[in-house]
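Note sheet for the following structure.
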Amino acid sequence: MTHSTPHQPADLSRSKFVMTFGGLLLAMLLASLDQTIVATALPTIVGDLGGLDQLSWVVTAYLLGATVTMPLWGRASDLYGRKRLFLAAIVVFLTGSALSGMAQNLGELIAFRALQGLGAGGLMTLAMAIVGDIVSPRERGRYQGYIQMVFVVASVAGPLLGGVFADHLSWRWVFYVNLPIGAAALALTATALHLPVEPVRARIDYVGAALLAAGLSCVLLVTTWGGREYAWDSAEIAGLGAAAVALLVAFVAQERRAPEPILPLRLFRDPVFDIVSAVLFLGSLAFFSVIVFMPIFLQVVTGASATQSGFLLLPLLLAATASTAVSGRVISRTGRYKVFPVAGLSLMAVGLLLLSRMTAGTSQATAALLLVVFGLGFGMVSQVLTLAIQNAVDRRDLGIATASANLFRALGGSVGVAVFGALFAARLDGAGVDPERVQSSPDAIASASAVADALDTVFLVGAPIAALGVLVVLFLKEVPLRGPGGPKPEAPRPERAARAAA
């Protein structure tokens, strides 16, 4: 069997580059948006379809499908070429979206959400890998900064849009809205993206892929169910933990002997890869302590509505967008990048410390200002580290290296939600407040002080995690960025060339 390995960077004209990059941004918007857009529509979905006891699986199935397939998409793209796989991922995602919108019961919706997640894993991984194909390392900071903006926009806008669709149209539009956006992404990339390829013989490691997917599924189920569906010391959680260890050990053994491993172990011999993976995990842990739990503070403590709490997260969005844009341009101009994750994680730690000082008397304006500090820091971390990992690995491993960066980021988010959720619930229990009561009636004045105290603990624990990220990233070896590169200028039209010659 032959596979294709793209040359880098691909030589695209300005117009085709703009079209391609526009398609990549739309694809990232879809995948990122569907991580959060369903949350605020869940009560309406359950009211229509029933199945309250399975409610969490509507979110979990998507995250599982996306996370466990990231390495497979990444490695397959290294072996067989990225364009066809990226288009296939869009089709899979849109199919899952359409079927989710037509679901007649919760079981169908969960299955179709898993299919949607499978496509999302490809969208998130391959969009970022294709940036590595079409842009030189020196210029990637700027363009991956735009992708970071899309991720932050989707994280904040998702719950807002989900609530709007559920209240004013139908919860089914949470999924149908993907169809025109996905169709545009498909048309743009199919038309404009051209990656030169060369045939090489290879065979993908399906056994390794299955072992890794199963092992990661067990890890994610432990973090999703632990302390919620089952007690942390229950037989179910212990069994899943043991299965995760056994499957991942078997995966490592398989990768040692596979001719084309799904996740080449040689990557872990690269200190840049190891450090970046660890820092992405820690940075995502810290990020989710804010993005998930700050809306609770805004609603319960300051009295904001669900819609207002979404708008009050805009300072974080705008600050992260600004720092992402500035850092990307500075990186493109100087070729230096290490200073940004160091500064960014430091600001995240400071922001979390400030957030941990909030009380029941903290105003919405003060909370918004503190979010600016955190957002400025976050904007300088994630995409810069993806750039570092892409710049350090061999070109043959660009896809799987990008997938691994996304994988550790996703695992950090999953573990973060579980750990901080357990801390939050434990503090509320200690204060005699039922966490379910807080969620079902967030305007309960009696619980505001207890919620503020519980969230102080969440943010206070998040701060040293971000600080640990600073210590780890200090050991990152800064590999000089190759450049300049970027899209090729549009060739002059014949009539313009004739006039110029005259």
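Residues are referred to by chain and number: the chain letter is A, B, ... according to the order shown in the structure tokens, the number counts from 1 in that chain, and ligands are numbered separately from 1 in the order shown.
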
*Determine which residues of stretch 186-320 of chain A DSSP labels as helix (DSSP H, G or I) from the backbone of this structure, then write them out as a VMD selection string.*
chain A and resid 186 to 192 206 to 225 235 to 257 265 to 269 271 to 291 294 to 301 306 to 312 314 to 320

Stretch 185-196 of chain A: which residues within 12 Å, counting only C-alpha atoms, same-chain residues fewer than 5 positions away excluded, as an mmCIF file with C-alpha atoms, in the first residue's frame?
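Writing done, so here's part_0.cif:
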```cif
data_model
loop_
_atom_site.group_PDB
_atom_site.id
_atom_site.type_symbol
_atom_site.label_atom_id
_atom_site.label_comp_id
_atom_site.auth_asym_id
_atom_site.auth_seq_id
_atom_site.Cartn_x
_atom_site.Cartn_y
_atom_site.Cartn_z
ATOM 1 C CA SER A 4 1.834 10.173 0.568
ATOM 2 C CA THR A 5 3.982 12.546 2.531
ATOM 3 C CA PRO A 6 3.496 16.248 1.822
ATOM 4 C CA HIS A 7 6.442 18.522 1.162
ATOM 5 C CA GLN A 8 6.677 21.587 3.398
ATOM 6 C CA PRO A 9 5.828 24.340 3.134
ATOM 7 C CA ALA A 10 3.478 23.931 0.185
ATOM 8 C CA ASP A 11 3.780 26.672 -2.429
ATOM 9 C CA LEU A 12 0.363 28.347 -2.629
ATOM 10 C CA SER A 13 -0.603 31.603 -4.299
ATOM 11 C CA ARG A 14 -1.960 34.354 -2.067
ATOM 12 C CA SER A 15 -5.568 33.794 -3.111
ATOM 13 C CA LYS A 16 -5.427 30.033 -2.628
ATOM 14 C CA PHE A 17 -3.639 30.480 0.680
ATOM 15 C CA VAL A 18 -6.384 32.813 1.939
ATOM 16 C CA MET A 19 -9.103 30.403 0.804
ATOM 17 C CA THR A 20 -7.361 27.424 2.382
ATOM 18 C CA PHE A 21 -6.702 29.186 5.658
ATOM 19 C CA GLY A 22 -10.296 30.417 5.770
ATOM 20 C CA GLY A 23 -11.465 26.813 5.415
ATOM 21 C CA LEU A 24 -9.124 25.727 8.225
ATOM 22 C CA LEU A 25 -10.471 28.428 10.540
ATOM 23 C CA LEU A 26 -14.067 27.406 9.817
ATOM 24 C CA ALA A 27 -13.232 23.770 10.528
ATOM 25 C CA MET A 28 -11.575 24.674 13.843
ATOM 26 C CA LEU A 29 -14.578 26.811 14.743
ATOM 27 C CA LEU A 30 -16.895 23.846 14.225
ATOM 28 C CA ALA A 31 -14.849 21.397 16.280
ATOM 29 C CA SER A 77 -2.115 11.978 7.677
ATOM 30 C CA TYR A 80 -1.383 8.897 3.510
ATOM 31 C CA GLY A 81 -1.469 12.671 3.031
ATOM 32 C CA ARG A 82 -3.539 15.316 4.795
ATOM 33 C CA LYS A 83 -5.934 16.830 2.266
ATOM 34 C CA ARG A 84 -8.119 13.776 1.631
ATOM 35 C CA LEU A 85 -8.231 12.926 5.328
ATOM 36 C CA PHE A 86 -9.143 16.492 6.253
ATOM 37 C CA LEU A 87 -12.003 16.498 3.761
ATOM 38 C CA ALA A 88 -13.113 13.104 5.098
ATOM 39 C CA ALA A 89 -13.069 14.478 8.657
ATOM 40 C CA ILE A 90 -15.339 17.361 7.598
ATOM 41 C CA VAL A 91 -17.776 14.921 5.961
ATOM 42 C CA VAL A 92 -17.818 12.678 9.055
ATOM 43 C CA PHE A 93 -18.394 15.687 11.323
ATOM 44 C CA LEU A 94 -21.235 17.047 9.168
ATOM 45 C CA LEU A 123 -10.635 18.643 12.210
ATOM 46 C CA LEU A 126 -5.360 18.187 10.710
ATOM 47 C CA ALA A 127 -6.227 21.896 10.541
ATOM 48 C CA ILE A 130 -1.950 21.738 7.500
ATOM 49 C CA VAL A 131 -0.867 25.138 8.808
ATOM 50 C CA GLY A 132 2.526 23.459 9.259
ATOM 51 C CA ASP A 133 2.339 22.291 5.646
ATOM 52 C CA ILE A 134 1.552 25.638 4.046
ATOM 53 C CA VAL A 135 3.391 28.117 6.305
ATOM 54 C CA ASN A 178 -22.807 23.279 11.582
ATOM 55 C CA LEU A 179 -24.031 22.301 8.123
ATOM 56 C CA PRO A 180 -23.625 25.591 6.191
#
```

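Closest approach to A:Phe374 from the set A:Ser414, A:Asn406, A:Ser323, A:Thr362 is made by A:Ser323, with distances taken over only C-alpha atoms.
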
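Residue nearest A:Thr223, chosen from A:Leu411, A:Leu398, A:Leu317, A:Ile331 and counting only C-alpha atoms: A:Leu411.
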
*For A:Ala213, please output as a ChimeraX atom specification all residues within 12 Å (counting only C-alpha atoms; exclusion window: fewer than 4 positions along the same chain).*
/A:64-73,118,206-209,217-220,244,247-248,250-251,262-263,407

*Do a neighbour search on stretch 162-177 of chain A at 10 Å with only C-alpha atoms, toss out local chain neighbours closer than 5 positions, and write the hits as a VMD selection string.*
chain A and resid 30 33 to 34 36 to 45 48 94 96 to 103 113 116 157 182 306 to 307

Write the residues of the selection above to a file with C-alpha atoms, as a short mmCIF file (atom, residue, chain, number, x, y, z; two decimals), in the first residue's frame.
```cif
data_model
loop_
_atom_site.label_atom_id
_atom_site.label_comp_id
_atom_site.auth_asym_id
_atom_site.auth_seq_id
_atom_site.Cartn_x
_atom_site.Cartn_y
_atom_site.Cartn_z
CA LEU A 30 -16.89 23.85 14.22
CA LEU A 33 -17.78 25.20 19.23
CA ASP A 34 -19.34 21.76 19.63
CA THR A 36 -19.39 23.78 24.60
CA ILE A 37 -22.49 24.71 22.58
CA VAL A 38 -24.50 21.72 23.79
CA ALA A 39 -24.10 22.46 27.51
CA THR A 40 -26.77 25.17 27.84
CA ALA A 41 -29.19 23.25 25.59
CA LEU A 42 -29.04 20.02 27.64
CA PRO A 43 -32.08 20.77 29.85
CA THR A 44 -34.19 21.42 26.75
CA ILE A 45 -32.86 18.28 25.04
CA ASP A 48 -37.79 16.70 24.63
CA LEU A 94 -21.24 17.05 9.17
CA GLY A 96 -22.74 13.33 12.74
CA SER A 97 -24.16 16.85 13.06
CA ALA A 98 -27.08 16.19 10.71
CA LEU A 99 -27.93 12.89 12.38
CA SER A 100 -27.67 14.47 15.86
CA GLY A 101 -30.17 17.12 14.81
CA MET A 102 -32.58 14.41 13.64
CA ALA A 103 -32.18 12.16 16.71
CA ARG A 113 -22.46 12.72 18.98
CA GLN A 116 -19.47 13.83 15.34
CA ALA A 157 -19.60 31.83 22.42
CA GLY A 182 -18.99 22.94 7.31
CA ALA A 306 -26.67 32.70 32.00
CA THR A 307 -26.52 35.02 28.98
#
```
